[in-house]
Amino acid sequence: MRLRRLTLQNVRNIALAELSFAGRQQFFLGANGQGKTNLLEAVGFVTALRSFRTADTRLLIAERQREAAIACDFEHEKQNATKLVIRLHGEGKEVTCDGERVTRLADHLGRFPTVVFSSQDQQLIRGAPALRRRWLDLTLAGTDPVYLHGLQNYHRALAGRNQLLKRQASAAEIAAFEQPLGAAAATLVAARRRGVAALAPHVAAGYALISSEAESAGITYAEDTAPGDGVGDAAAWHAHFERTRLRDLQFRGTMSGPHRDDIEFRVGGRAARDFGSEGQQRSLVLALRLAQVSHVRASTGVEPVLLADDVLGELDPARRRRFWAALGETRQVLATGTELPDAELGEWEVFRVAGGGFTAESSP
């Protein structure tokens, strides 16, 4: 998939931008805070109709404006020339594809994939488990409506049970939510296990491409709890929530379950968070994103557009060359930075960015 034309209106500090892309590599050059990341955020929004920076879509709308718009013209492997228009307003969003209204997120997922490489990605290793769960959920839900449906079912049932726990409802009332919660938990955990197992070899391969070190890298799914005999079917999860009900009533919330699971990253057989060097952690987070690229391509049959937000300047020259080689020679890359990339990374269409405005400087 290639993005050939992008129009943005009232997206954060971008009042109006109309950009055309002819080549494979576009670079947005400018000081921090000028709108480079805002543009990548808008392009990334097309994948799952959510931002990679915030859960609140309203924050994408410029101050003192009632709505914002994102319009993209794609060259698409499956749909040929395709136009996607997204309008954001205080009540939600409206999406049209080639003039037809998209009313269900499940119908949209997987059609316009992007993968974001960010200088903030190291928090996936160093940060809280919630960040790693969010990465996994976005990776899997971004291409699989069934996974999204299971995730939504679980959190809906969890929210209902937590509301009852907070108001100290009767055992009978809480029990009514535990059966659907158990079924949803079993489905979600099974899907996450499959997803991590599928991603693991791609993470290892990506790390081997980027890192000059001889050690291996891996990713495993760390479940918060293993109910019953550890199989974790719906009945076992139902029994688990029933068994922990008194404790959860004391804490006024569900204290265990898939919403507390984690992802473990390892380098050389040891926990990357505790023992990985700065260089090893950088290589690992890049490998995670490369694994995401492979997963998207395999799941959807569509080549994702890659969004590299201030990544190149964070890498030493050797790792930068290996990373760029790992991206391949056919995928489209939109990158940002405060300095131009090395000439050895190929030819770029360069756009100067200042105050939310974009000026084409050169093209191949």
# chains A, B, ... in the order shown; residues from 1 in each chain; ligands from 1
call {"tool": "residues_around", "arguments": {"residues": "A:Arg53", "least_positions_apart": "2", "cutoff": "10 Å", "atoms": "only C-alpha atoms", "output": "JSON, numbers by chain"}}
result
{"A": [37, 38, 41, 44, 45, 50, 51, 55, 56, 57, 59, 60]}
call {"tool": "write_last_selection", "arguments": {"atoms": "N, CA and C atoms", "output": "compact mmCIF listing (two decimals), in the first residue's frame"}}
result
# COMPACT_ATOMS: atom_id res chain seq x y z
N THR A 37 5.09 15.13 14.24
CA THR A 37 4.44 13.96 14.84
C THR A 37 2.93 14.03 14.66
N ASN A 38 2.37 15.23 14.64
CA ASN A 38 0.93 15.37 14.41
C ASN A 38 0.53 14.80 13.06
N GLU A 41 0.67 11.06 13.31
CA GLU A 41 -0.47 10.61 14.11
C GLU A 41 -1.73 10.52 13.25
N GLY A 44 -1.38 7.50 10.96
CA GLY A 44 -1.56 6.29 11.74
C GLY A 44 -3.00 6.07 12.18
N PHE A 45 -3.77 7.14 12.26
CA PHE A 45 -5.15 7.04 12.71
C PHE A 45 -6.00 6.20 11.78
N ARG A 50 -7.92 5.17 15.71
CA ARG A 50 -7.49 5.65 17.02
C ARG A 50 -6.05 6.12 16.93
N SER A 51 -5.68 7.00 17.83
CA SER A 51 -4.35 7.59 17.82
C SER A 51 -3.34 6.69 18.52
N ALA A 55 -5.81 8.12 23.90
CA ALA A 55 -7.07 7.39 23.77
C ALA A 55 -8.25 8.32 23.51
N ASP A 56 -8.04 9.63 23.66
CA ASP A 56 -9.11 10.61 23.49
C ASP A 56 -9.01 11.23 22.10
N THR A 57 -9.86 10.80 21.20
CA THR A 57 -9.84 11.28 19.83
C THR A 57 -10.06 12.79 19.74
N LEU A 59 -8.75 15.10 21.25
CA LEU A 59 -7.51 15.86 21.35
C LEU A 59 -6.86 16.11 20.00
N LEU A 60 -7.27 15.36 18.98
CA LEU A 60 -6.73 15.59 17.64
C LEU A 60 -7.34 16.83 16.99
call {"tool": "residues_around", "arguments": {"residues": "stretch 7-13 of chain A", "least_positions_apart": "6", "cutoff": "7 Å", "atoms": "only C-alpha atoms", "output": "mmCIF file with C-alpha atoms, in the first residue's frame"}}
result
data_model
loop_
_atom_site.group_PDB
_atom_site.id
_atom_site.type_symbol
_atom_site.label_atom_id
_atom_site.label_comp_id
_atom_site.auth_asym_id
_atom_site.auth_seq_id
_atom_site.Cartn_x
_atom_site.Cartn_y
_atom_site.Cartn_z
ATOM 1 C CA LEU A 19 0.566 16.999 0.376
ATOM 2 C CA GLY A 35 3.711 19.420 13.695
ATOM 3 C CA ASN A 38 0.925 15.370 14.414
ATOM 4 C CA LEU A 60 -6.734 15.593 17.637
ATOM 5 C CA ILE A 61 -9.129 18.464 16.923
ATOM 6 C CA ALA A 62 -7.404 21.852 16.916
ATOM 7 C CA ALA A 68 -11.107 17.992 12.023
ATOM 8 C CA ALA A 69 -10.647 16.018 8.815
ATOM 9 C CA ILE A 70 -8.166 13.493 7.427
ATOM 10 C CA ALA A 71 -8.312 12.522 3.745
ATOM 11 C CA CYS A 72 -5.989 9.949 2.167
ATOM 12 C CA GLY A 356 1.940 23.353 11.378
#
call {"tool": "closest_residue", "arguments": {"among": "A:Phe52, A:Arg156, A:Ser211, A:Leu6", "to": "A:Val85", "atoms": "only C-alpha atoms"}}
result
A:Leu6
call {"tool": "closest_atom_pairs", "arguments": {"of": "stretch 304-351 of chain A", "to": "stretch 96-120 of chain A", "cutoff": "6 Å", "atoms": "only C-alpha atoms", "output": "JSON lines"}}
result
{"residue": "A:Pro304", "atom": "CA", "partner": "A:Thr114", "partner_atom": "CA", "distance": 4.7}
{"residue": "A:Val305", "atom": "CA", "partner": "A:Thr114", "partner_atom": "CA", "distance": 4.7}
{"residue": "A:Leu306", "atom": "CA", "partner": "A:Val115", "partner_atom": "CA", "distance": 5.1}
{"residue": "A:Leu307", "atom": "CA", "partner": "A:Val116", "partner_atom": "CA", "distance": 4.6}
{"residue": "A:Ala308", "atom": "CA", "partner": "A:Phe117", "partner_atom": "CA", "distance": 4.6}
{"residue": "A:Asp309", "atom": "CA", "partner": "A:Ser118", "partner_atom": "CA", "distance": 4.8}
{"residue": "A:Asp310", "atom": "CA", "partner": "A:Ser119", "partner_atom": "CA", "distance": 5.8}
{"residue": "A:Val311", "atom": "CA", "partner": "A:Ser119", "partner_atom": "CA", "distance": 5.2}
call {"tool": "select_by_dssp", "arguments": {"residues": "stretch 211-316 of chain A", "states": "strand (DSSP E)", "output": "ChimeraX atom specification"}}
result
/A:217-222,262-267,270-271,305-309
call {"tool": "closest_residue", "arguments": {"among": "A:Gly206, A:Gly257, A:Gly92, A:Gly218", "to": "A:Leu158", "atoms": "only C-alpha atoms"}}
result
A:Gly257
call {"tool": "closest_residue", "arguments": {"among": "A:Val285, A:Val196, A:Leu29, A:Leu49", "to": "A:Ala222", "atoms": "only C-alpha atoms"}}
result
A:Val196
call {"tool": "atom_distance", "arguments": {"atom1": "atom CA of A:Phe323", "atom2": "atom CA of A:Leu209"}}
result
7.4 Å
call {"tool": "residues_around", "arguments": {"residues": "A:Phe177", "least_positions_apart": "6", "cutoff": "9 Å", "atoms": "only C-alpha atoms", "output": "VMD selection string"}}
result
chain A and resid 157 to 158 160 to 161
call {"tool": "atom_distance", "arguments": {"atom1": "atom CA of A:Thr220", "atom2": "atom CA of A:Ala200"}}
result
7.4 Å
call {"tool": "select_by_dssp", "arguments": {"residues": "stretch 50-182 of chain A", "states": "alpha helix (DSSP H)", "output": "PyMOL selection string"}}
result
chain A and resi 105-108+123-126+129-141+145-166+171-182
call {"tool": "write_last_selection", "arguments": {"atoms": "C-alpha atoms", "output": "CSV table (one decimal), in the first residue's frame"}}
result
chain,number,residue,atom,x,y,z
A,105,LEU,CA,-15.0,-0.8,12.9
A,106,ALA,CA,-14.8,-4.5,12.2
A,107,ASP,CA,-15.4,-3.7,8.5
A,108,HIS,CA,-12.5,-1.2,8.5
A,123,GLN,CA,8.9,2.5,27.3
A,124,LEU,CA,7.5,-0.8,26.0
A,125,ILE,CA,10.4,-2.4,27.8
A,126,ARG,CA,10.9,0.0,30.7
A,129,PRO,CA,2.6,-3.6,32.0
A,130,ALA,CA,-0.3,-1.6,30.7
A,131,LEU,CA,1.9,-0.2,27.9
A,132,ARG,CA,2.8,-3.7,26.7
A,133,ARG,CA,-0.8,-5.0,26.9
A,134,ARG,CA,-1.8,-2.0,24.8
A,135,TRP,CA,0.9,-2.7,22.2
A,136,LEU,CA,-0.2,-6.4,22.0
A,137,ASP,CA,-3.9,-5.5,21.8
A,138,LEU,CA,-3.4,-2.9,19.1
A,139,THR,CA,-1.2,-5.2,17.1
A,140,LEU,CA,-3.7,-8.1,17.2
A,141,ALA,CA,-6.9,-6.1,17.1
A,145,PRO,CA,-12.0,-8.0,14.1
A,146,VAL,CA,-12.6,-11.3,16.0
A,147,TYR,CA,-9.8,-10.4,18.5
A,148,LEU,CA,-11.3,-6.8,18.8
A,149,HIS,CA,-14.7,-8.3,19.5
A,150,GLY,CA,-13.3,-10.6,22.2
A,151,LEU,CA,-11.3,-7.7,23.8
A,152,GLN,CA,-14.4,-5.5,23.9
A,153,ASN,CA,-16.5,-8.4,25.4
A,154,TYR,CA,-14.0,-8.9,28.2
A,155,HIS,CA,-13.7,-5.2,29.1
A,156,ARG,CA,-17.5,-4.8,29.0
A,157,ALA,CA,-18.1,-7.7,31.4
A,158,LEU,CA,-15.2,-6.5,33.6
A,159,ALA,CA,-16.6,-3.0,33.8
A,160,GLY,CA,-20.0,-4.4,34.9
A,161,ARG,CA,-18.5,-6.6,37.6
A,162,ASN,CA,-16.3,-3.7,38.9
A,163,GLN,CA,-19.3,-1.4,39.2
A,164,LEU,CA,-21.1,-4.0,41.3
A,165,LEU,CA,-18.0,-4.5,43.5
A,166,LYS,CA,-17.7,-0.8,44.1
A,171,ALA,CA,-23.3,-12.1,45.6
A,172,ALA,CA,-26.1,-13.0,43.3
A,173,GLU,CA,-25.8,-9.8,41.3
A,174,ILE,CA,-22.0,-10.1,41.0
A,175,ALA,CA,-22.3,-13.8,40.0
A,176,ALA,CA,-24.5,-12.8,37.0
A,177,PHE,CA,-21.4,-11.1,35.5
A,178,GLU,CA,-18.9,-13.8,36.3
A,179,GLN,CA,-20.1,-16.3,33.8
A,180,PRO,CA,-19.8,-14.0,30.7
A,181,LEU,CA,-16.6,-12.6,32.2
A,182,GLY,CA,-15.1,-16.1,32.5
call {"tool": "residues_around", "arguments": {"residues": "A:Gly268", "least_positions_apart": "6", "cutoff": "8 Å", "atoms": "only C-alpha atoms", "output": "list in words"}}
result
Glu215, Ser216 and Ala217 of chain A
call {"tool": "closest_atom_pairs", "arguments": {"of": "stretch 43-93 of chain A", "to": "stretch 324-339 of chain A", "cutoff": "12 Å", "atoms": "only C-alpha atoms", "output": "tab-separated table"}}
result
residue	atom	partner	partner_atom	distance
A:Val43	CA	A:Leu334	CA	9.4
A:Gly44	CA	A:Leu334	CA	10.6
A:Phe74	CA	A:Gln332	CA	11.4
A:Glu75	CA	A:Gln332	CA	11.1
call {"tool": "write_last_selection", "arguments": {"atoms": "N, CA and C atoms", "output": "short mmCIF file (atom, residue, chain, number, x, y, z; two decimals), in the first residue's frame"}}
result
data_model
loop_
_atom_site.label_atom_id
_atom_site.label_comp_id
_atom_site.auth_asym_id
_atom_site.auth_seq_id
_atom_site.Cartn_x
_atom_site.Cartn_y
_atom_site.Cartn_z
N VAL A 43 -1.86 10.07 9.95
CA VAL A 43 -1.74 8.94 9.02
C VAL A 43 -1.96 7.63 9.77
N GLY A 44 -1.38 7.50 10.96
CA GLY A 44 -1.56 6.29 11.74
C GLY A 44 -3.00 6.07 12.18
N PHE A 74 -4.95 6.37 -1.53
CA PHE A 74 -4.02 5.25 -1.47
C PHE A 74 -3.95 4.52 -2.81
N GLU A 75 -2.77 3.98 -3.09
CA GLU A 75 -2.63 2.91 -4.07
C GLU A 75 -2.62 1.62 -3.26
#
call {"tool": "residues_around", "arguments": {"residues": "stretch 186-195 of chain A", "least_positions_apart": "6", "cutoff": "6 Å", "atoms": "only C-alpha atoms", "output": "list in words"}}
result
Gly150, Gly232, Asp233 and Ala234 of chain A
call {"tool": "write_last_selection", "arguments": {"atoms": "N, CA and C atoms", "output": "PDB file, in the first residue's frame"}}
result
ATOM      1  N   GLY A 150     -13.555  -9.928  20.967  1.00  0.00           N
ATOM      2  CA  GLY A 150     -13.281 -10.606  22.226  1.00  0.00           C
ATOM      3  C   GLY A 150     -12.752  -9.660  23.281  1.00  0.00           C
ATOM      4  N   GLY A 232      -7.249 -22.935  31.656  1.00  0.00           N
ATOM      5  CA  GLY A 232      -7.858 -21.625  31.479  1.00  0.00           C
ATOM      6  C   GLY A 232      -9.064 -21.612  30.567  1.00  0.00           C
ATOM      7  N   ASP A 233      -9.886 -22.660  30.595  1.00  0.00           N
ATOM      8  CA  ASP A 233     -11.102 -22.620  29.791  1.00  0.00           C
ATOM      9  C   ASP A 233     -12.147 -21.763  30.510  1.00  0.00           C
ATOM     10  N   ALA A 234     -13.314 -21.605  29.891  1.00  0.00           N
ATOM     11  CA  ALA A 234     -14.330 -20.710  30.432  1.00  0.00           C
ATOM     12  C   ALA A 234     -14.780 -21.132  31.829  1.00  0.00           C
TER      13      ALA A 234
END
